[in-house]
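What follows is coords.cif (mmCIF, C-alpha atoms and all ligand atoms).
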```
data_model
loop_
_atom_site.label_atom_id
_atom_site.label_comp_id
_atom_site.auth_asym_id
_atom_site.auth_seq_id
_atom_site.Cartn_x
_atom_site.Cartn_y
_atom_site.Cartn_z
CA MET A 1 -9.00 -8.28 23.26
CA GLY A 2 -12.11 -7.31 21.29
CA ASN A 3 -12.47 -7.34 17.54
CA LYS A 4 -12.18 -3.60 17.08
CA ILE A 5 -9.19 -2.11 15.28
CA TRP A 6 -8.42 1.61 15.26
CA PHE A 7 -6.57 2.54 12.09
CA LEU A 8 -4.34 5.59 12.52
CA THR A 9 -4.22 7.24 9.12
CA GLY A 10 -5.31 10.43 7.47
CA ASN A 11 -5.94 8.57 4.24
CA LEU A 12 -9.60 7.61 3.77
CA GLY A 13 -8.67 5.48 0.77
CA LYS A 14 -6.64 3.24 3.06
CA VAL A 15 -9.43 3.08 5.64
CA LYS A 16 -11.93 1.97 2.97
CA GLU A 17 -9.56 -0.73 1.75
CA ALA A 18 -8.91 -2.05 5.27
CA GLN A 19 -12.62 -1.99 6.17
CA LEU A 20 -13.65 -3.82 3.04
CA HIS A 21 -11.08 -6.51 3.70
CA LEU A 22 -11.11 -6.90 7.49
CA HIS A 23 -14.91 -6.83 7.89
CA LYS A 24 -14.98 -10.05 5.94
CA LEU A 25 -12.64 -11.54 8.54
CA GLY A 26 -14.80 -10.43 11.46
CA TYR A 27 -13.01 -7.25 12.52
CA GLU A 28 -14.46 -3.79 12.93
CA VAL A 29 -12.20 -1.04 11.60
CA GLU A 30 -12.51 2.61 12.53
CA GLN A 31 -10.31 5.53 11.54
CA LEU A 32 -8.34 7.06 14.41
CA VAL A 33 -7.72 10.75 14.02
CA ILE A 34 -5.46 12.44 16.54
CA ASP A 35 -5.37 16.22 16.92
CA GLU A 36 -1.76 16.12 17.93
CA ASP A 37 0.69 15.78 15.06
CA ILE A 38 2.21 12.34 14.68
CA SER A 39 5.64 12.79 13.21
CA GLU A 40 6.69 10.44 10.48
CA PRO A 41 10.42 9.88 10.82
CA GLN A 42 12.21 9.98 7.48
CA ALA A 43 13.59 6.51 8.05
CA GLU A 44 15.35 4.17 5.66
CA ASP A 45 12.76 1.42 5.94
CA LEU A 46 9.00 1.11 6.25
CA HIS A 47 9.21 -0.94 9.50
CA SER A 48 10.86 1.88 11.45
CA VAL A 49 8.28 4.38 10.23
CA ALA A 50 5.37 2.12 11.22
CA GLU A 51 6.83 1.34 14.63
CA ALA A 52 7.47 5.02 15.39
CA LYS A 53 3.87 5.90 14.52
CA ILE A 54 2.43 3.14 16.76
CA THR A 55 4.53 4.21 19.73
CA GLN A 56 3.39 7.82 19.40
CA ALA A 57 -0.27 6.91 18.90
CA LEU A 58 -0.67 4.33 21.69
CA PRO A 59 -1.46 6.85 24.44
CA HIS A 60 -4.36 8.07 22.25
CA LEU A 61 -6.04 4.68 21.82
CA PRO A 62 -9.71 5.37 22.78
CA ASN A 63 -10.20 2.01 24.53
CA LYS A 64 -7.41 -0.12 25.94
CA GLU A 65 -9.34 -3.26 24.95
CA ASP A 66 -9.06 -2.34 21.27
CA MET A 67 -6.23 -2.83 18.81
CA LEU A 68 -4.25 -0.12 17.01
CA LEU A 69 -3.17 -0.36 13.38
CA VAL A 70 -0.80 1.73 11.33
CA GLU A 71 0.40 1.05 7.86
CA ASP A 72 3.14 2.48 5.77
CA ALA A 73 3.58 1.97 2.09
CA GLY A 74 5.71 3.10 -0.77
CA LEU A 75 6.27 2.70 -4.48
CA PHE A 76 9.70 1.31 -5.37
CA ILE A 77 10.58 1.87 -9.03
CA GLU A 78 13.30 -0.40 -10.42
CA PRO A 79 14.92 1.87 -13.06
CA LEU A 80 15.05 4.64 -10.41
CA ASN A 81 16.87 2.33 -7.97
CA GLY A 82 13.85 2.09 -5.70
CA PHE A 83 12.88 5.79 -5.71
CA PRO A 84 10.51 7.14 -4.38
CA GLY A 85 10.29 4.23 -1.86
CA VAL A 86 10.13 5.61 1.68
CA TYR A 87 9.93 9.11 0.17
CA SER A 88 6.71 8.28 -1.73
CA ALA A 89 4.43 10.67 0.17
CA TYR A 90 6.87 13.53 -0.40
CA ALA A 91 7.34 12.63 -4.08
CA LEU A 92 3.57 12.53 -4.60
CA LYS A 93 3.20 15.98 -3.02
CA THR A 94 6.06 17.54 -4.97
CA ILE A 95 6.56 15.98 -8.40
CA GLY A 96 3.30 13.96 -8.41
CA CYS A 97 2.32 11.27 -10.88
CA ASN A 98 3.33 13.47 -13.82
CA GLY A 99 6.82 13.94 -12.40
CA ILE A 100 7.29 10.18 -12.10
CA LEU A 101 6.20 9.71 -15.72
CA LYS A 102 8.72 12.34 -16.81
CA LEU A 103 11.54 10.59 -14.95
CA LEU A 104 10.72 7.43 -16.91
CA SER A 105 9.96 9.01 -20.28
CA HIS A 106 13.19 7.68 -21.82
CA LEU A 107 12.03 4.14 -20.98
CA GLU A 108 9.02 3.77 -23.25
CA SER A 109 8.24 1.03 -25.68
CA GLN A 110 5.28 0.34 -27.99
CA ASP A 111 5.27 -3.22 -26.66
CA PRO A 112 3.45 -3.55 -23.30
CA VAL A 113 5.50 -6.63 -22.36
CA MET A 114 8.64 -4.60 -22.91
CA ASN A 115 7.23 -1.76 -20.82
CA GLY A 116 6.58 -4.22 -18.01
CA GLN A 117 10.27 -5.08 -18.10
CA LEU A 118 11.70 -1.61 -18.59
CA ARG A 119 9.42 0.20 -16.17
CA GLY A 120 9.23 -2.41 -13.37
CA ALA A 121 7.99 -1.22 -9.98
CA GLU A 122 6.66 -2.62 -6.77
CA PHE A 123 4.32 -1.35 -4.08
CA GLN A 124 5.43 -2.44 -0.64
CA ALA A 125 3.46 -2.14 2.59
CA VAL A 126 4.28 -2.77 6.21
CA ALA A 127 1.36 -2.94 8.63
CA ALA A 128 1.99 -2.77 12.37
CA LEU A 129 -0.61 -3.73 14.96
CA TRP A 130 -0.64 -3.24 18.71
CA ASN A 131 -2.56 -6.30 19.89
CA GLY A 132 -2.74 -5.26 23.54
CA GLN A 133 0.58 -6.83 24.44
CA GLU A 134 3.08 -6.22 21.69
CA ILE A 135 3.54 -4.80 18.21
CA ILE A 136 3.29 -7.33 15.41
CA PHE A 137 4.22 -6.65 11.81
CA GLY A 138 2.84 -7.80 8.48
CA GLU A 139 4.40 -7.30 5.07
CA GLY A 140 2.96 -7.20 1.59
CA LYS A 141 4.26 -6.59 -1.89
CA CYS A 142 2.65 -6.00 -5.25
CA PRO A 143 4.94 -6.16 -8.27
CA GLY A 144 4.03 -4.52 -11.57
CA TRP A 145 5.08 -1.64 -13.77
CA ILE A 146 4.55 2.07 -14.36
CA SER A 147 2.15 2.82 -17.19
CA LYS A 148 3.06 5.23 -19.97
CA GLU A 149 0.28 7.62 -19.06
CA ILE A 150 -2.01 8.46 -16.19
CA ASN A 151 -5.13 6.38 -16.35
CA GLY A 152 -8.22 6.13 -14.13
CA GLU A 153 -9.94 8.19 -11.49
CA ASP A 154 -10.32 5.58 -8.75
CA GLY A 155 -8.05 4.93 -5.82
CA PHE A 156 -5.47 7.36 -4.51
CA GLY A 157 -1.79 8.28 -4.62
CA PHE A 158 0.10 6.56 -7.42
CA ASP A 159 -2.82 4.26 -8.34
CA PRO A 160 -3.38 5.95 -11.75
CA LEU A 161 0.07 4.97 -12.98
CA PHE A 162 0.64 1.51 -11.53
CA VAL A 163 -0.26 -1.67 -13.43
CA PRO A 164 0.05 -4.87 -11.36
CA PHE A 165 1.43 -8.05 -12.88
CA ASP A 166 -1.10 -10.85 -13.38
CA LEU A 167 -1.75 -13.41 -10.65
CA ASP A 168 -1.62 -17.18 -11.01
CA GLY A 169 -4.45 -19.49 -9.93
CA LEU A 170 -3.30 -19.34 -6.29
CA GLY A 171 -3.31 -15.53 -6.28
CA ASN A 172 0.47 -15.24 -6.46
CA PRO A 173 2.00 -12.55 -8.70
CA LEU A 174 3.67 -13.57 -11.95
CA THR A 175 6.51 -11.75 -13.68
CA ALA A 176 6.44 -9.31 -16.61
CA GLY A 177 4.76 -10.59 -19.75
CA ASN A 178 3.17 -13.69 -18.23
CA TYR A 179 -0.59 -14.09 -18.44
CA GLY A 180 -2.34 -15.33 -15.31
CA GLU A 181 -5.86 -16.20 -14.20
CA THR A 182 -6.36 -12.79 -12.65
CA SER A 183 -5.44 -9.73 -14.64
CA THR A 184 -6.33 -6.05 -14.95
CA HIS A 185 -5.47 -6.48 -18.66
CA GLY A 186 -3.06 -3.61 -18.57
CA ALA A 187 -5.32 -1.27 -16.59
CA THR A 188 -3.84 0.72 -13.72
CA PHE A 189 -5.08 0.47 -10.12
CA GLY A 190 -6.78 3.81 -10.76
CA ALA A 191 -8.87 2.30 -13.54
CA VAL A 192 -10.15 -0.81 -11.74
CA GLY A 193 -12.61 -0.97 -8.84
CA LEU A 194 -11.61 -1.35 -5.22
CA GLU A 195 -12.63 -5.03 -5.08
CA GLU A 196 -10.33 -5.76 -8.00
CA LYS A 197 -7.42 -3.79 -6.56
CA GLN A 198 -7.76 -5.83 -3.36
CA LEU A 199 -6.88 -9.05 -5.21
CA PHE A 200 -3.44 -7.64 -6.01
CA SER A 201 -2.87 -5.12 -3.26
CA HIS A 202 0.28 -4.89 -1.13
CA ARG A 203 -1.91 -3.53 1.68
CA MET A 204 -4.20 -6.59 1.63
CA ARG A 205 -1.20 -8.88 1.71
CA ALA A 206 0.30 -6.99 4.65
CA LEU A 207 -3.02 -7.14 6.53
CA ASN A 208 -3.41 -10.86 5.83
CA ASP A 209 0.11 -11.44 7.09
CA LEU A 210 -0.82 -9.57 10.31
CA ILE A 211 -4.15 -11.27 10.85
CA SER A 212 -2.58 -14.71 10.38
CA GLN A 213 -0.48 -13.96 13.47
CA LEU A 214 -3.42 -13.07 15.74
P1 LIG B 301 2.06 6.26 3.23
O1 LIG B 301 3.22 6.94 3.83
O2 LIG B 301 1.92 4.84 3.60
O3 LIG B 301 0.75 6.99 3.41
O4 LIG B 301 2.24 6.19 1.65
C1 LIG B 301 3.28 6.81 1.00
C2 LIG B 301 2.83 7.28 -0.35
O5 LIG B 301 2.63 6.19 -1.22
C3 LIG B 301 1.55 8.09 -0.30
O6 LIG B 301 1.74 9.25 -1.04
C4 LIG B 301 0.51 7.23 -0.92
O7 LIG B 301 -0.39 7.98 -1.66
C5 LIG B 301 1.34 6.28 -1.79
N1 LIG B 301 0.69 4.99 -1.72
C6 LIG B 301 0.69 4.11 -0.71
N2 LIG B 301 -0.11 3.05 -0.97
C7 LIG B 301 -0.63 3.29 -2.19
C8 LIG B 301 -1.55 2.57 -3.00
O8 LIG B 301 -2.09 1.52 -2.67
N3 LIG B 301 -1.82 3.15 -4.18
C9 LIG B 301 -1.28 4.31 -4.60
N4 LIG B 301 -0.45 5.02 -3.88
C10 LIG B 301 -0.11 4.52 -2.67
#
```
For the file at hand, write its structure as C-alpha cells.
Amino acid sequence: MGNKIWFLTGNLGKVKEAQLHLHKLGYEVEQLVIDEDISEPQAEDLHSVAEAKITQALPHLPNKEDMLLVEDAGLFIEPLNGFPGVYSAYALKTIGCNGILKLLSHLESQDPVMNGQLRGAEFQAVAALWNGQEIIFGEGKCPGWISKEINGEDGFGFDPLFVPFDLDGLGNPLTAGNYGETSTHGATFGAVGLEEKQLFSHRMRALNDLISQL
C-alpha cells in the first residue's frame, strides 16, 4: 500500500481539511470525482452511509495500490432530538442555517453559558477507508452549541452557527460553561480559521481514529 489516499467527496472544504491534517502525517490526499452518481442511502446511521459510498466507489479507484476514503458527517441538535443528524445535507439545502436558527428561536438566553446548555449540539463524523484489504472505520465527535445568529464567512455547511465547547489541556472537549486551555471564545467555526477549527473538529478526530488503525 502506498501513502496516497483518494477522498471521494464533492465538498472541497472537506478535502482542504483532510489535506491539511493528513499531509502532516505523511499521507497524500487527492479528491476523487466520479462522473457516475454515487447514491447516498438515506440510512439511520452515518456508518451505513459511509460503507455504501465506499462499496460503490471502489471500482472507480484510479490505482489499486492507493487507498479510498469517504466521510459522512452530520449536526445533531439536542433540543431537536438529534435533528438534522443524518438528514443534515438535506436540511442545509432546504431550510439552511436560517431555518435551524428559527427552529431554536424559543431557546435563547442573554447568558452565553445558558445558551450552551439550552442549544446543545454535536457534530459527528464517520470516516471509512478502504486500505486495500478491508474497510476500516473512524469516528469523531465535536460537542458545542448553536449560536444565536449566523457568524463568520469561513468554512462550509453549518459552520457559521456552531460554537464548539472549549478543550482541556489534553485536547478533550469540556462541557457547557467550562473554560479550557483551547477556546474559540464564543466564535463559531465559520469565524475562526481552518487551523483553529481542526483542533476541535469531528472530522479530524474521525481521521485520527482511522489513521491510528493503519
Ligand atoms: P455530509 O453528508 O457528510 O457531506 O454532511 C452532511 C451535512 O452536514 C452537509 O450539509 C455539510 O455541509 C454538513 N457538515 C458536515 N460537516 C460539517 C462541518 O464540519 N461544518 C459544517 N457543516 C458540516
Exercise. Anything within 9 Å of (5.4, -9.4, 5.5): list those residues as a PyMOL selection string, counting all atoms listed in the file and sticking to the file's coordinates.
Key: chain A and resi 125-127+137-141+205-210
Restricting the output to C-alpha atoms, write the selected residues as a CSV table (one decimal), in the frame of the given file.
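The result, written out as part36.csv:
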```csv
chain,number,residue,atom,x,y,z
A,125,ALA,CA,3.5,-2.1,2.6
A,126,VAL,CA,4.3,-2.8,6.2
A,127,ALA,CA,1.4,-2.9,8.6
A,137,PHE,CA,4.2,-6.6,11.8
A,138,GLY,CA,2.8,-7.8,8.5
A,139,GLU,CA,4.4,-7.3,5.1
A,140,GLY,CA,3.0,-7.2,1.6
A,141,LYS,CA,4.3,-6.6,-1.9
A,205,ARG,CA,-1.2,-8.9,1.7
A,206,ALA,CA,0.3,-7.0,4.6
A,207,LEU,CA,-3.0,-7.1,6.5
A,208,ASN,CA,-3.4,-10.9,5.8
A,209,ASP,CA,0.1,-11.4,7.1
A,210,LEU,CA,-0.8,-9.6,10.3
```
Quiz item: Hey, what's within 9 Å of segment 100-102 of chain A if we count all atoms listed in the file and toss same-chain stuff fewer than 6 positions away? As a ChimeraX atom specification, please?
Solution: /A:84,91-92,146-150,161
Quiz prompt | Selected residue, from A:Asn11, A:Asn131, A:Asn172, A:Gln31, that lies nearest to ligand LIG 301 (chain B) when counting all atoms listed in the file | solution =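 When distances to ligand LIG 301 (chain B) are compared using all atoms listed in the file, the smallest one comes from A:Asn11.
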Per residue of chain A within 9 Å of ligand LIG 301 (chain B), what are the shortest atom pair and its distance in Å to one decimal, counting only C-alpha atoms and all ligand atoms, with rows by chain and residue number, as CSV?
```
residue,atom,partner,partner_atom,distance
A:Thr9,CA,B:LIG301,O3,7.6
A:Gly10,CA,B:LIG301,O3,8.1
A:Asn11,CA,B:LIG301,O3,6.9
A:Gly13,CA,B:LIG301,O8,8.4
A:Lys14,CA,B:LIG301,O8,7.5
A:Glu17,CA,B:LIG301,O8,9.0
A:Glu40,CA,B:LIG301,O1,8.3
A:Leu46,CA,B:LIG301,O2,8.4
A:Val49,CA,B:LIG301,O1,8.6
A:Ala50,CA,B:LIG301,O2,8.8
A:Val70,CA,B:LIG301,O2,8.8
A:Glu71,CA,B:LIG301,O2,5.9
A:Asp72,CA,B:LIG301,O2,3.4
A:Ala73,CA,B:LIG301,O2,3.6
A:Gly74,CA,B:LIG301,O5,4.4
A:Leu75,CA,B:LIG301,O5,6.0
A:Pro84,CA,B:LIG301,O5,8.5
A:Gly85,CA,B:LIG301,O5,7.9
A:Val86,CA,B:LIG301,C1,7.0
A:Tyr87,CA,B:LIG301,C1,7.1
A:Ser88,CA,B:LIG301,C2,4.2
A:Ala89,CA,B:LIG301,O6,3.3
A:Tyr90,CA,B:LIG301,O6,6.7
A:Ala91,CA,B:LIG301,O6,7.2
A:Leu92,CA,B:LIG301,O6,5.2
A:Lys93,CA,B:LIG301,O6,7.2
A:Gly96,CA,B:LIG301,O6,8.9
A:Phe123,CA,B:LIG301,N2,7.0
A:Gln124,CA,B:LIG301,N2,7.8
A:Ala125,CA,B:LIG301,O2,7.2
A:Val126,CA,B:LIG301,O2,8.4
A:Gly155,CA,B:LIG301,N3,6.7
A:Phe156,CA,B:LIG301,C9,5.2
A:Gly157,CA,B:LIG301,O7,3.3
A:Phe158,CA,B:LIG301,C9,3.9
A:Asp159,CA,B:LIG301,C9,4.0
A:Pro160,CA,B:LIG301,C9,7.6
A:Leu161,CA,B:LIG301,C9,8.5
A:Phe162,CA,B:LIG301,C9,7.7
A:Phe189,CA,B:LIG301,N3,7.3
A:Gly190,CA,B:LIG301,N3,8.3
A:Lys197,CA,B:LIG301,O8,8.5
A:Ser201,CA,B:LIG301,O8,6.7
A:His202,CA,B:LIG301,O8,7.0
A:Arg203,CA,B:LIG301,O8,6.7
```
Generate a file of the selected residues that holds C-alpha atoms, formatted as a compact mmCIF listing (two decimals), in the frame of the given file.
```txt
# COMPACT_ATOMS: atom_id res chain seq x y z
CA THR A 9 -4.22 7.24 9.12
CA GLY A 10 -5.31 10.43 7.47
CA ASN A 11 -5.94 8.57 4.24
CA GLY A 13 -8.67 5.48 0.77
CA LYS A 14 -6.64 3.24 3.06
CA GLU A 17 -9.56 -0.73 1.75
CA GLU A 40 6.69 10.44 10.48
CA LEU A 46 9.00 1.11 6.25
CA VAL A 49 8.28 4.38 10.23
CA ALA A 50 5.37 2.12 11.22
CA VAL A 70 -0.80 1.73 11.33
CA GLU A 71 0.40 1.05 7.86
CA ASP A 72 3.14 2.48 5.77
CA ALA A 73 3.58 1.97 2.09
CA GLY A 74 5.71 3.10 -0.77
CA LEU A 75 6.27 2.70 -4.48
CA PRO A 84 10.51 7.14 -4.38
CA GLY A 85 10.29 4.23 -1.86
CA VAL A 86 10.13 5.61 1.68
CA TYR A 87 9.93 9.11 0.17
CA SER A 88 6.71 8.28 -1.73
CA ALA A 89 4.43 10.67 0.17
CA TYR A 90 6.87 13.53 -0.40
CA ALA A 91 7.34 12.63 -4.08
CA LEU A 92 3.57 12.53 -4.60
CA LYS A 93 3.20 15.98 -3.02
CA GLY A 96 3.30 13.96 -8.41
CA PHE A 123 4.32 -1.35 -4.08
CA GLN A 124 5.43 -2.44 -0.64
CA ALA A 125 3.46 -2.14 2.59
CA VAL A 126 4.28 -2.77 6.21
CA GLY A 155 -8.05 4.93 -5.82
CA PHE A 156 -5.47 7.36 -4.51
CA GLY A 157 -1.79 8.28 -4.62
CA PHE A 158 0.10 6.56 -7.42
CA ASP A 159 -2.82 4.26 -8.34
CA PRO A 160 -3.38 5.95 -11.75
CA LEU A 161 0.07 4.97 -12.98
CA PHE A 162 0.64 1.51 -11.53
CA PHE A 189 -5.08 0.47 -10.12
CA GLY A 190 -6.78 3.81 -10.76
CA LYS A 197 -7.42 -3.79 -6.56
CA SER A 201 -2.87 -5.12 -3.26
CA HIS A 202 0.28 -4.89 -1.13
CA ARG A 203 -1.91 -3.53 1.68
```
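The coordinates place atom CA of Ala128 of chain A at 17.3 Å from atom CA of Gly2 of chain A.
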Practice problem: Check the smallest atom-to-atom distance from each of A:Glu122, A:Ile135, A:Tyr27, A:His47 to Pro173 of chain A using only C-alpha atoms, then report the winner. | Solution: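 Selected residue with least distance to Pro173 of chain A: A:Glu122.
With all atoms listed in the file as the atoms that count, the residue of A:Ser183, A:Glu36, A:Gly82, A:Leu68 with the shortest distance to Gln133 of chain A is A:Leu68.
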Quiz item: Rounded to one decimal in Å, what is the spacing between atom CA of Pro79 of chain A and atom CA of Glu108 of chain A?
Solution: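 Computing it gives 11.9 Å between the two atoms.
If you look at atom CA of Ala52 of chain A and atom CA of Gly26 of chain A, they are 27.4 Å away from each other.
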Contacts of Ala121 of chain A at 6 Å or less, counting all atoms listed in the file, minus same-chain residues fewer than 3 places along, as a PDB file with C-alpha atoms, in the coordinates of the input?
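Everything below was put into out_33.pdb:
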```pdb
ATOM      1  CA  PHE A  76       9.700   1.310  -5.370  1.00  0.00           C
ATOM      2  CA  ILE A  77      10.580   1.870  -9.030  1.00  0.00           C
ATOM      3  CA  GLU A  78      13.300  -0.400 -10.420  1.00  0.00           C
ATOM      4  CA  GLY A 144       4.030  -4.520 -11.570  1.00  0.00           C
ATOM      5  CA  TRP A 145       5.080  -1.640 -13.770  1.00  0.00           C
TER       6      TRP A 145
END
```
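Nearest to Asn151 of chain A of all the residues A:Glu134, A:Asn115, A:Thr175, A:Cys97 is A:Cys97, based on all atoms listed in the file.
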Quiz prompt | Nearest to Gln117 of chain A by atom-to-atom distance, counting only C-alpha atoms, from A:Thr94, A:Asn178, A:Gln42, A:Thr184 | solution =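 Distance minimum relative to Gln117 of chain A lands on A:Asn178.
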Axis-aligned box over every listed atom of segment 53-58 of chain A, padded by 5 Å per side: centre and edges in Å to one decimal, as lines of an AutoDock Vina configuration file?
```
center_x = 1.9
center_y = 5.5
center_z = 18.1
size_x = 15.2
size_y = 14.7
size_z = 17.2
```
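The smallest atom-to-atom distance between Gln19 of chain A and any of A:Glu181, A:Glu195, A:Asp37, A:Asp168, using only C-alpha atoms, is found for A:Glu195.
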Self-check item: Nearby residues (all atoms listed in the file) at most 10 Å from Glu65 of chain A, same-chain spacing under 5 positions excluded, as JSON, numbers by chain
Solution: {"A": [1, 2, 3, 4, 5, 131, 132]}
Next, write the just-selected residues to a file, as a PDB file, in the coordinates of the input, keeping C-alpha atoms as the atom set.
```pdb
ATOM      1  CA  MET A   1      -9.000  -8.280  23.260  1.00  0.00           C
ATOM      2  CA  GLY A   2     -12.110  -7.310  21.290  1.00  0.00           C
ATOM      3  CA  ASN A   3     -12.470  -7.340  17.540  1.00  0.00           C
ATOM      4  CA  LYS A   4     -12.180  -3.600  17.080  1.00  0.00           C
ATOM      5  CA  ILE A   5      -9.190  -2.110  15.280  1.00  0.00           C
ATOM      6  CA  ASN A 131      -2.560  -6.300  19.890  1.00  0.00           C
ATOM      7  CA  GLY A 132      -2.740  -5.260  23.540  1.00  0.00           C
TER       8      GLY A 132
END
```
